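Asks: If it helps, the file is called data_22.pdb and holds PDB, C-alpha atoms:
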ATOM      1  CA  MET A   1     109.769  96.894  99.367
ATOM      2  CA  THR A   2     110.810  97.868 102.869
ATOM      3  CA  GLU A   3     108.558  98.104 105.899
ATOM      4  CA  THR A   4     109.154 101.871 105.894
ATOM      5  CA  ALA A   5     107.913 102.157 102.304
ATOM      6  CA  ARG A   6     104.903  99.970 103.056
ATOM      7  CA  MET A   7     104.002 102.068 106.102
ATOM      8  CA  TYR A   8     104.447 105.477 104.455
ATOM      9  CA  GLY A   9     102.812 104.477 101.154
ATOM     10  CA  GLY A  10      99.888 102.860 102.975
ATOM     11  CA  SER A  11      99.386 105.911 105.170
ATOM     12  CA  LEU A  12      99.329 108.210 102.151
ATOM     13  CA  TYR A  13      96.801 105.907 100.490
ATOM     14  CA  ASP A  14      94.563 106.011 103.586
ATOM     15  CA  LEU A  15      94.642 109.816 103.560
ATOM     16  CA  ALA A  16      93.964 110.034  99.813
ATOM     17  CA  ALA A  17      91.102 107.505 100.032
ATOM     18  CA  GLU A  18      89.537 109.461 102.867
ATOM     19  CA  GLU A  19      89.515 112.552 100.649
ATOM     20  CA  GLY A  20      88.503 110.707  97.443
ATOM     21  CA  LEU A  21      91.809 111.601  95.747
ATOM     22  CA  GLU A  22      93.282 108.104  95.293
ATOM     23  CA  THR A  23      93.632 108.227  91.506
ATOM     24  CA  ARG A  24      95.073 111.733  91.326
ATOM     25  CA  ILE A  25      97.566 111.129  94.132
ATOM     26  CA  LEU A  26      98.603 107.798  92.562
ATOM     27  CA  GLY A  27      99.455 109.462  89.245
ATOM     28  CA  GLU A  28     101.344 112.341  90.835
ATOM     29  CA  LEU A  29     103.218 110.081  93.250
ATOM     30  CA  GLU A  30     104.352 107.795  90.422
ATOM     31  CA  GLN A  31     105.402 110.836  88.351
ATOM     32  CA  ALA A  32     107.445 112.168  91.278
ATOM     33  CA  ALA A  33     109.118 108.771  91.701
ATOM     34  CA  GLN A  34     109.959 108.682  87.968
ATOM     35  CA  LEU A  35     111.277 112.248  88.129
ATOM     36  CA  LEU A  36     113.675 111.433  90.960
ATOM     37  CA  LYS A  37     114.708 108.164  89.298
ATOM     38  CA  ALA A  38     115.507 110.034  86.073
ATOM     39  CA  ASN A  39     117.473 112.690  88.005
ATOM     40  CA  PRO A  40     119.703 110.831  90.468
ATOM     41  CA  ASP A  41     121.836 113.946  91.070
ATOM     42  CA  TYR A  42     118.763 115.826  92.311
ATOM     43  CA  LEU A  43     117.877 112.907  94.585
ATOM     44  CA  ARG A  44     121.443 112.880  95.895
ATOM     45  CA  LEU A  45     121.211 116.627  96.551
ATOM     46  CA  LEU A  46     117.922 116.218  98.432
ATOM     47  CA  SER A  47     119.450 113.394 100.481
ATOM     48  CA  THR A  48     122.661 115.203 101.450
ATOM     49  CA  PRO A  49     122.743 115.461 105.252
ATOM     50  CA  SER A  50     125.160 118.418 105.198
ATOM     51  CA  ILE A  51     122.445 120.579 103.599
ATOM     52  CA  PRO A  52     119.929 121.708 106.233
ATOM     53  CA  LYS A  53     116.547 119.969 106.040
ATOM     54  CA  LYS A  54     114.793 123.298 105.652
ATOM     55  CA  GLU A  55     116.818 124.088 102.506
ATOM     56  CA  ARG A  56     116.220 120.634 101.017
ATOM     57  CA  CYS A  57     112.485 120.906 101.641
ATOM     58  CA  GLY A  58     112.593 124.409 100.143
ATOM     59  CA  LEU A  59     114.089 122.957  96.972
ATOM     60  CA  LEU A  60     111.202 120.480  96.741
ATOM     61  CA  ASP A  61     108.716 123.265  97.414
ATOM     62  CA  GLU A  62     110.288 125.452  94.708
ATOM     63  CA  ALA A  63     110.318 122.651  92.136
ATOM     64  CA  LEU A  64     106.886 121.145  92.742
ATOM     65  CA  ARG A  65     104.532 123.715  94.282
ATOM     66  CA  GLY A  66     101.546 124.070  91.986
ATOM     67  CA  GLN A  67     102.673 121.038  89.959
ATOM     68  CA  VAL A  68     101.407 118.362  92.347
ATOM     69  CA  HIS A  69      98.701 118.110  94.987
ATOM     70  CA  LEU A  70      99.689 119.512  98.373
ATOM     71  CA  TYR A  71      99.461 115.995  99.882
ATOM     72  CA  VAL A  72     102.124 114.719  97.470
ATOM     73  CA  LEU A  73     104.365 117.723  98.076
ATOM     74  CA  ASN A  74     104.056 117.409 101.847
ATOM     75  CA  PHE A  75     104.650 113.658 101.604
ATOM     76  CA  LEU A  76     107.885 114.274  99.706
ATOM     77  CA  LYS A  77     108.925 116.843 102.295
ATOM     78  CA  ILE A  78     108.294 114.363 105.108
ATOM     79  CA  LEU A  79     110.435 111.761 103.343
ATOM     80  CA  CYS A  80     113.127 114.408 102.820
ATOM     81  CA  GLU A  81     113.057 115.458 106.483
ATOM     82  CA  LYS A  82     113.234 111.856 107.683
ATOM     83  CA  GLY A  83     116.100 111.066 105.287
ATOM     84  CA  THR A  84     114.053 108.406 103.527
ATOM     85  CA  LEU A  85     113.504 110.050 100.141
ATOM     86  CA  ARG A  86     115.269 107.091  98.513
ATOM     87  CA  GLU A  87     112.277 104.996  99.618
ATOM     88  CA  LEU A  88     109.933 106.960  97.322
ATOM     89  CA  SER A  89     109.669 104.278  94.629
ATOM     90  CA  GLY A  90     108.823 101.691  97.315
ATOM     91  CA  CYS A  91     106.238 104.051  98.791
ATOM     92  CA  ALA A  92     104.699 104.512  95.339
ATOM     93  CA  ARG A  93     104.633 100.719  94.884
ATOM     94  CA  ALA A  94     102.955 100.236  98.285
ATOM     95  CA  TYR A  95     100.407 102.918  97.385
ATOM     96  CA  ARG A  96      99.778 101.202  94.008
ATOM     97  CA  LEU A  97      99.209  97.829  95.701
ATOM     98  CA  ARG A  98      96.678  99.325  98.124
ATOM     99  CA  TYR A  99      94.999 101.172  95.233
ATOM    100  CA  ASN A 100      94.778  97.986  93.135
ATOM    101  CA  GLN A 101      93.370  96.009  96.048
ATOM    102  CA  ALA A 102      90.696  98.623  96.754
ATOM    103  CA  HIS A 103      89.709  98.914  93.084
ATOM    104  CA  GLY A 104      89.754  95.198  92.161
ATOM    105  CA  ILE A 105      92.763  95.497  89.863
ATOM    106  CA  LEU A 106      95.150  92.610  89.278
ATOM    107  CA  GLU A 107      98.575  93.248  87.726
ATOM    108  CA  ALA A 108      99.765  90.669  85.219
ATOM    109  CA  THR A 109     102.853  90.358  83.029
ATOM    110  CA  ALA A 110     102.899  88.114  79.974
ATOM    111  CA  THR A 111     106.361  87.147  78.713
ATOM    112  CA  SER A 112     106.723  85.666  75.238
ATOM    113  CA  ALA A 113     109.582  84.872  72.845
ATOM    114  CA  VAL A 114     108.297  87.306  70.218
ATOM    115  CA  PRO A 115     106.120  90.407  70.602
ATOM    116  CA  MET A 116     102.430  89.587  70.954
ATOM    117  CA  THR A 117     100.088  91.151  68.419
ATOM    118  CA  ALA A 118      97.470  93.616  69.600
ATOM    119  CA  GLN A 119      94.804  90.992  68.929
ATOM    120  CA  GLN A 120      96.643  88.352  71.016
ATOM    121  CA  THR A 121      97.172  90.822  73.858
ATOM    122  CA  GLN A 122      93.514  91.845  73.787
ATOM    123  CA  ALA A 123      92.355  88.200  73.770
ATOM    124  CA  LEU A 124      94.624  87.320  76.714
ATOM    125  CA  HIS A 125      93.444  90.415  78.582
ATOM    126  CA  ALA A 126      89.776  89.502  78.071
ATOM    127  CA  LYS A 127      90.340  85.872  79.088
ATOM    128  CA  LEU A 128      92.189  86.863  82.277
ATOM    129  CA  GLU A 129      89.441  89.305  83.247
ATOM    130  CA  LYS A 130      86.822  86.613  82.670
ATOM    131  CA  LEU A 131      88.772  84.033  84.706
ATOM    132  CA  THR A 132      89.622  86.301  87.641
ATOM    133  CA  GLY A 133      86.566  88.560  87.723
ATOM    134  CA  LYS A 134      88.924  91.500  88.236
ATOM    135  CA  THR A 135      90.178  94.347  86.090
ATOM    136  CA  ILE A 136      93.506  93.266  84.639
ATOM    137  CA  ASP A 137      96.463  95.627  84.220
ATOM    138  CA  LEU A 138      98.367  93.603  81.596
ATOM    139  CA  LYS A 139     101.928  94.333  80.598
ATOM    140  CA  THR A 140     103.809  92.379  77.960
ATOM    141  CA  LYS A 141     107.510  91.583  77.776
ATOM    142  CA  VAL A 142     109.684  89.857  75.212
ATOM    143  CA  ASP A 143     112.330  87.313  76.249
ATOM    144  CA  PRO A 144     113.749  85.205  73.405
ATOM    145  CA  GLY A 145     114.974  82.732  76.049
ATOM    146  CA  VAL A 146     111.452  81.360  76.570
ATOM    147  CA  LEU A 147     111.664  79.945  72.998
ATOM    148  CA  GLY A 148     107.886  79.861  72.584
ATOM    149  CA  GLY A 149     104.648  79.965  74.544
ATOM    150  CA  ILE A 150     103.817  82.419  77.324
ATOM    151  CA  ARG A 151     104.860  82.824  80.952
ATOM    152  CA  LEU A 152     102.252  84.691  82.955
ATOM    153  CA  ASP A 153     103.028  86.366  86.290
ATOM    154  CA  MET A 154     100.028  87.581  88.283
ATOM    155  CA  GLU A 155     100.931  89.148  91.635
ATOM    156  CA  GLY A 156     103.151  86.325  92.827
ATOM    157  CA  THR A 157     101.544  83.485  90.900
ATOM    158  CA  GLU A 158     103.436  82.190  87.880
ATOM    159  CA  LEU A 159     101.837  80.157  85.113
ATOM    160  CA  ASP A 160     104.573  78.871  82.828
ATOM    161  CA  GLY A 161     103.506  77.530  79.456
ATOM    162  CA  THR A 162     106.812  78.200  77.738
ATOM    163  CA  VAL A 163     108.842  75.808  75.628
ATOM    164  CA  GLN A 164     111.797  76.566  77.904
ATOM    165  CA  ASN A 165     109.831  75.255  80.915
ATOM    166  CA  ARG A 166     108.644  72.159  79.050
ATOM    167  CA  LEU A 167     112.212  71.340  77.997
ATOM    168  CA  ALA A 168     113.413  71.771  81.581
ATOM    169  CA  ALA A 169     110.663  69.408  82.801
ATOM    170  CA  LEU A 170     111.620  66.872  80.139
ATOM    171  CA  ARG A 171     115.276  67.154  81.220
ATOM    172  CA  ARG A 172     114.295  66.487  84.844
ATOM    173  CA  ASP A 173     112.155  63.498  83.837
ATOM    174  CA  ILE A 174     114.967  61.967  81.804
ATOM    175  CA  ALA A 175     117.494  62.591  84.594
ATOM    176  CA  SER A 176     115.245  60.884  87.161
ATOM    177  CA  VAL A 177     114.919  57.662  85.143
ATOM    178  CA  ALA A 178     117.075  54.956  86.666
ATOM    179  CA  LEU A 179     118.725  52.593  84.219
TER     180      LEU A 179
END
Kindly return the structure encoded in the file as structure tokens.
Replies:
Amino acid sequence: MTETARMYGGSLYDLAAEEGLETRILGELEQAAQLLKANPDYLRLLSTPSIPKKERCGLLDEALRGQVHLYVLNFLKILCEKGTLRELSGCARAYRLRYNQAHGILEATATSAVPMTAQQTQALHAKLEKLTGKTIDLKTKVDPGVLGGIRLDMEGTELDGTVQNRLAALRRDIASVAL
């Protein structure tokens, strides 16, 4: 995430928090980011410098007026005017981080070799909430390369209990033994 995205996303969060609209703005901002990601030609059009800024902002206005809160629409127009619309996903991420921090939410990703059952996911979720004292936003991923066990990533902290990691540690131990 760039400094520009952090600054713009944080500023939008401050405004939304002041008005008590954090949750609504978060959802609409993430939807707008997904919309532009799914339509790269539209993003390219809105980022074309040869098209006057007023026209590009008019296209945003035409497409989104009444669909999103005025703060989100105006935010998108500001990004369009500044030529930084490609930073939208970073802005949404910065907003999400500020939102999570303010609401005691911790994002976690559990990676396993095979899909976790609903019961396993629920048990892991409950245990993480008990350990951290925060609300956990748990996502699961499957990576056959881990061979077994679970690798847990929680906002920059990695807990690796995978077979792949244990084998790598064993390899290092064997390699360090001097004969």
Asks: Go through A:Leu131, A:Leu79, A:Ala32, A:Leu159 and flag the residue nearest A:Thr111, using all atoms listed in the file for the distances.
Replies: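 The closest residue to A:Thr111 is A:Leu159.
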Asks: Pick out the closest residue to A:Lys82 from this set: A:Gln119, A:Thr162, A:Thr4, A:Thr157. Count only C-alpha atoms.
Replies: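 Selected residue with least distance to A:Lys82: A:Thr4.
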Asks: To verify the selection step, state as a PyMOL selection string which residues the PyMOL selection byres ((chain A and resi 80) around 8) yields on this input.
Replies: chain A and resi 46-47+53+56-57+76-79+81-85
Asks: Give as a list in words the residues that the PyMOL selection byres ((chain A and resi 13-24) around 9) matches when applied to the coordinates above.
Replies: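 Answer for the PyMOL selection byres ((chain A and resi 13-24) around 9): Tyr8, Gly9, Gly10, Ser11, Leu12, Ile25, Leu26, Gly27, Glu28, Leu29, His69, Tyr71, Ala94, Tyr95, Arg96, Arg98 and Tyr99 of chain A.
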Asks: So that I have them on file, write out the residues from the current selection with C-alpha atoms, as a compact mmCIF listing (two decimals), keeping the file's coordinate frame.
Replies:
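selection-v1.txt was written with the following content:
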# COMPACT_ATOMS: atom_id res chain seq x y z
CA TYR A 8 104.45 105.48 104.46
CA GLY A 9 102.81 104.48 101.15
CA GLY A 10 99.89 102.86 102.98
CA SER A 11 99.39 105.91 105.17
CA LEU A 12 99.33 108.21 102.15
CA ILE A 25 97.57 111.13 94.13
CA LEU A 26 98.60 107.80 92.56
CA GLY A 27 99.46 109.46 89.24
CA GLU A 28 101.34 112.34 90.84
CA LEU A 29 103.22 110.08 93.25
CA HIS A 69 98.70 118.11 94.99
CA TYR A 71 99.46 116.00 99.88
CA ALA A 94 102.96 100.24 98.28
CA TYR A 95 100.41 102.92 97.38
CA ARG A 96 99.78 101.20 94.01
CA ARG A 98 96.68 99.32 98.12
CA TYR A 99 95.00 101.17 95.23
Asks: Using only C-alpha atoms, find the one residue out of A:Asn39, A:Thr2, A:Thr132, A:Ser50 that sits nearest to A:Ala108.
Replies: A:Thr132
Asks: Using atom CA of A:Leu88 and atom CA of A:Gln31 as the two end points, give the distance in Å to one decimal.
Replies: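 That distance, rounded to one decimal, is 10.8 Å.
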Asks: Give me the result of the PyMOL selection byres ((chain A and resi 107) around 7) on this file, residue by residue, as an NGL selection string.
Replies: :A and (105-106 or 108-109 or 136-138 or 154-155)
Asks: In Å, with one decimal, what is the gap from atom CA of A:Met1 to atom CA of A:Ala110?
Replies: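 Interatomic distance, atom CA of A:Met1 to atom CA of A:Ala110: 22.4 Å.
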Asks: Between A:Leu97, A:Val163, A:Leu64, A:Leu73, which one has atoms that come closest to A:Ala113, using only C-alpha atoms?
Replies: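 Using only C-alpha atoms, A:Ala113 sits closest to A:Val163.
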Asks: Return as AutoDock Vina command-line options the box centre and box size in Å, one decimal, for an axis-aligned box around all listed atoms of stretch 143-152 of chain A padded by 8 Å per side.
Replies:
--center_x 108.6 --center_y 83.6 --center_z 77.8 --size_x 28.7 --size_y 23.5 --size_z 26.4
Asks: How many Å lie between atom CA of A:Ala118 and atom CA of A:Thr140, rounded to one decimal?
Replies: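 Computing it gives 10.6 Å between the two atoms.
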Asks: Which residue, A:Leu128, A:Leu43, A:Gln122, A:Ser112, has the smallest gap to A:Arg86 when you use only C-alpha atoms?
Replies: A:Leu43
Asks: Could you rebuild stretch 62-98 of chain A with N, CA and C atoms and give it back as a compact mmCIF listing (two decimals), keeping the file's coordinate frame?
Replies:
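The new file rebuild_26.txt reads:
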# COMPACT_ATOMS: atom_id res chain seq x y z
N GLU A 62 110.03 124.61 95.88
CA GLU A 62 110.29 125.45 94.71
C GLU A 62 110.03 124.69 93.41
N ALA A 63 110.44 123.44 93.36
CA ALA A 63 110.32 122.65 92.14
C ALA A 63 108.90 122.15 91.88
N LEU A 64 108.15 121.85 92.94
CA LEU A 64 106.89 121.14 92.74
C LEU A 64 105.62 121.89 93.16
N ARG A 65 105.73 123.00 93.86
CA ARG A 65 104.53 123.72 94.28
C ARG A 65 103.71 124.11 93.06
N GLY A 66 102.44 123.78 93.10
CA GLY A 66 101.55 124.07 91.99
C GLY A 66 101.57 123.00 90.90
N GLN A 67 102.57 122.11 90.96
CA GLN A 67 102.67 121.04 89.96
C GLN A 67 102.00 119.75 90.43
N VAL A 68 102.00 119.56 91.76
CA VAL A 68 101.41 118.36 92.35
C VAL A 68 100.48 118.77 93.49
N HIS A 69 99.61 117.86 93.87
CA HIS A 69 98.70 118.11 94.99
C HIS A 69 99.52 118.35 96.25
N LEU A 70 99.00 119.17 97.14
CA LEU A 70 99.69 119.51 98.37
C LEU A 70 100.02 118.26 99.20
N TYR A 71 99.18 117.23 99.15
CA TYR A 71 99.46 116.00 99.88
C TYR A 71 100.75 115.34 99.37
N VAL A 72 100.92 115.33 98.05
CA VAL A 72 102.12 114.72 97.47
C VAL A 72 103.35 115.54 97.84
N LEU A 73 103.25 116.85 97.74
CA LEU A 73 104.36 117.72 98.08
C LEU A 73 104.75 117.56 99.55
N ASN A 74 103.77 117.57 100.42
CA ASN A 74 104.06 117.41 101.85
C ASN A 74 104.62 116.01 102.15
N PHE A 75 104.14 115.01 101.43
CA PHE A 75 104.65 113.66 101.60
C PHE A 75 106.14 113.61 101.24
N LEU A 76 106.48 114.23 100.13
CA LEU A 76 107.88 114.27 99.71
C LEU A 76 108.74 115.02 100.73
N LYS A 77 108.19 116.09 101.28
CA LYS A 77 108.92 116.84 102.30
C LYS A 77 109.15 116.00 103.55
N ILE A 78 108.15 115.23 103.93
CA ILE A 78 108.29 114.36 105.11
C ILE A 78 109.40 113.34 104.86
N LEU A 79 109.38 112.73 103.68
CA LEU A 79 110.44 111.76 103.34
C LEU A 79 111.81 112.43 103.37
N CYS A 80 111.87 113.65 102.85
CA CYS A 80 113.13 114.41 102.82
C CYS A 80 113.61 114.70 104.24
N GLU A 81 112.71 115.14 105.09
CA GLU A 81 113.06 115.46 106.48
C GLU A 81 113.53 114.22 107.25
N LYS A 82 112.90 113.09 106.98
CA LYS A 82 113.23 111.86 107.68
C LYS A 82 114.46 111.16 107.08
N GLY A 83 114.95 111.68 105.94
CA GLY A 83 116.10 111.07 105.29
C GLY A 83 115.75 109.78 104.57
N THR A 84 114.50 109.64 104.18
CA THR A 84 114.05 108.41 103.53
C THR A 84 113.53 108.66 102.11
N LEU A 85 113.98 109.72 101.48
CA LEU A 85 113.50 110.05 100.14
C LEU A 85 113.84 108.95 99.13
N ARG A 86 114.89 108.20 99.40
CA ARG A 86 115.27 107.09 98.51
C ARG A 86 114.24 105.96 98.55
N GLU A 87 113.35 106.00 99.50
CA GLU A 87 112.28 105.00 99.62
C GLU A 87 111.05 105.36 98.77
N LEU A 88 111.11 106.47 98.04
CA LEU A 88 109.93 106.96 97.32
C LEU A 88 109.36 105.94 96.35
N SER A 89 110.21 105.25 95.59
CA SER A 89 109.67 104.28 94.63
C SER A 89 108.96 103.14 95.36
N GLY A 90 109.49 102.71 96.51
CA GLY A 90 108.82 101.69 97.32
C GLY A 90 107.50 102.19 97.88
N CYS A 91 107.48 103.45 98.29
CA CYS A 91 106.24 104.05 98.79
C CYS A 91 105.18 104.09 97.68
N ALA A 92 105.62 104.46 96.48
CA ALA A 92 104.70 104.51 95.34
C ALA A 92 104.17 103.12 95.02
N ARG A 93 105.05 102.11 95.14
CA ARG A 93 104.63 100.72 94.88
C ARG A 93 103.62 100.27 95.94
N ALA A 94 103.88 100.60 97.20
CA ALA A 94 102.96 100.24 98.28
C ALA A 94 101.60 100.91 98.07
N TYR A 95 101.64 102.18 97.67
CA TYR A 95 100.41 102.92 97.38
C TYR A 95 99.65 102.22 96.25
N ARG A 96 100.38 101.87 95.18
CA ARG A 96 99.78 101.20 94.01
C ARG A 96 99.12 99.88 94.42
N LEU A 97 99.78 99.10 95.26
CA LEU A 97 99.21 97.83 95.70
C LEU A 97 97.92 98.04 96.48
N ARG A 98 97.90 99.02 97.37
CA ARG A 98 96.68 99.32 98.12
C ARG A 98 95.57 99.81 97.18
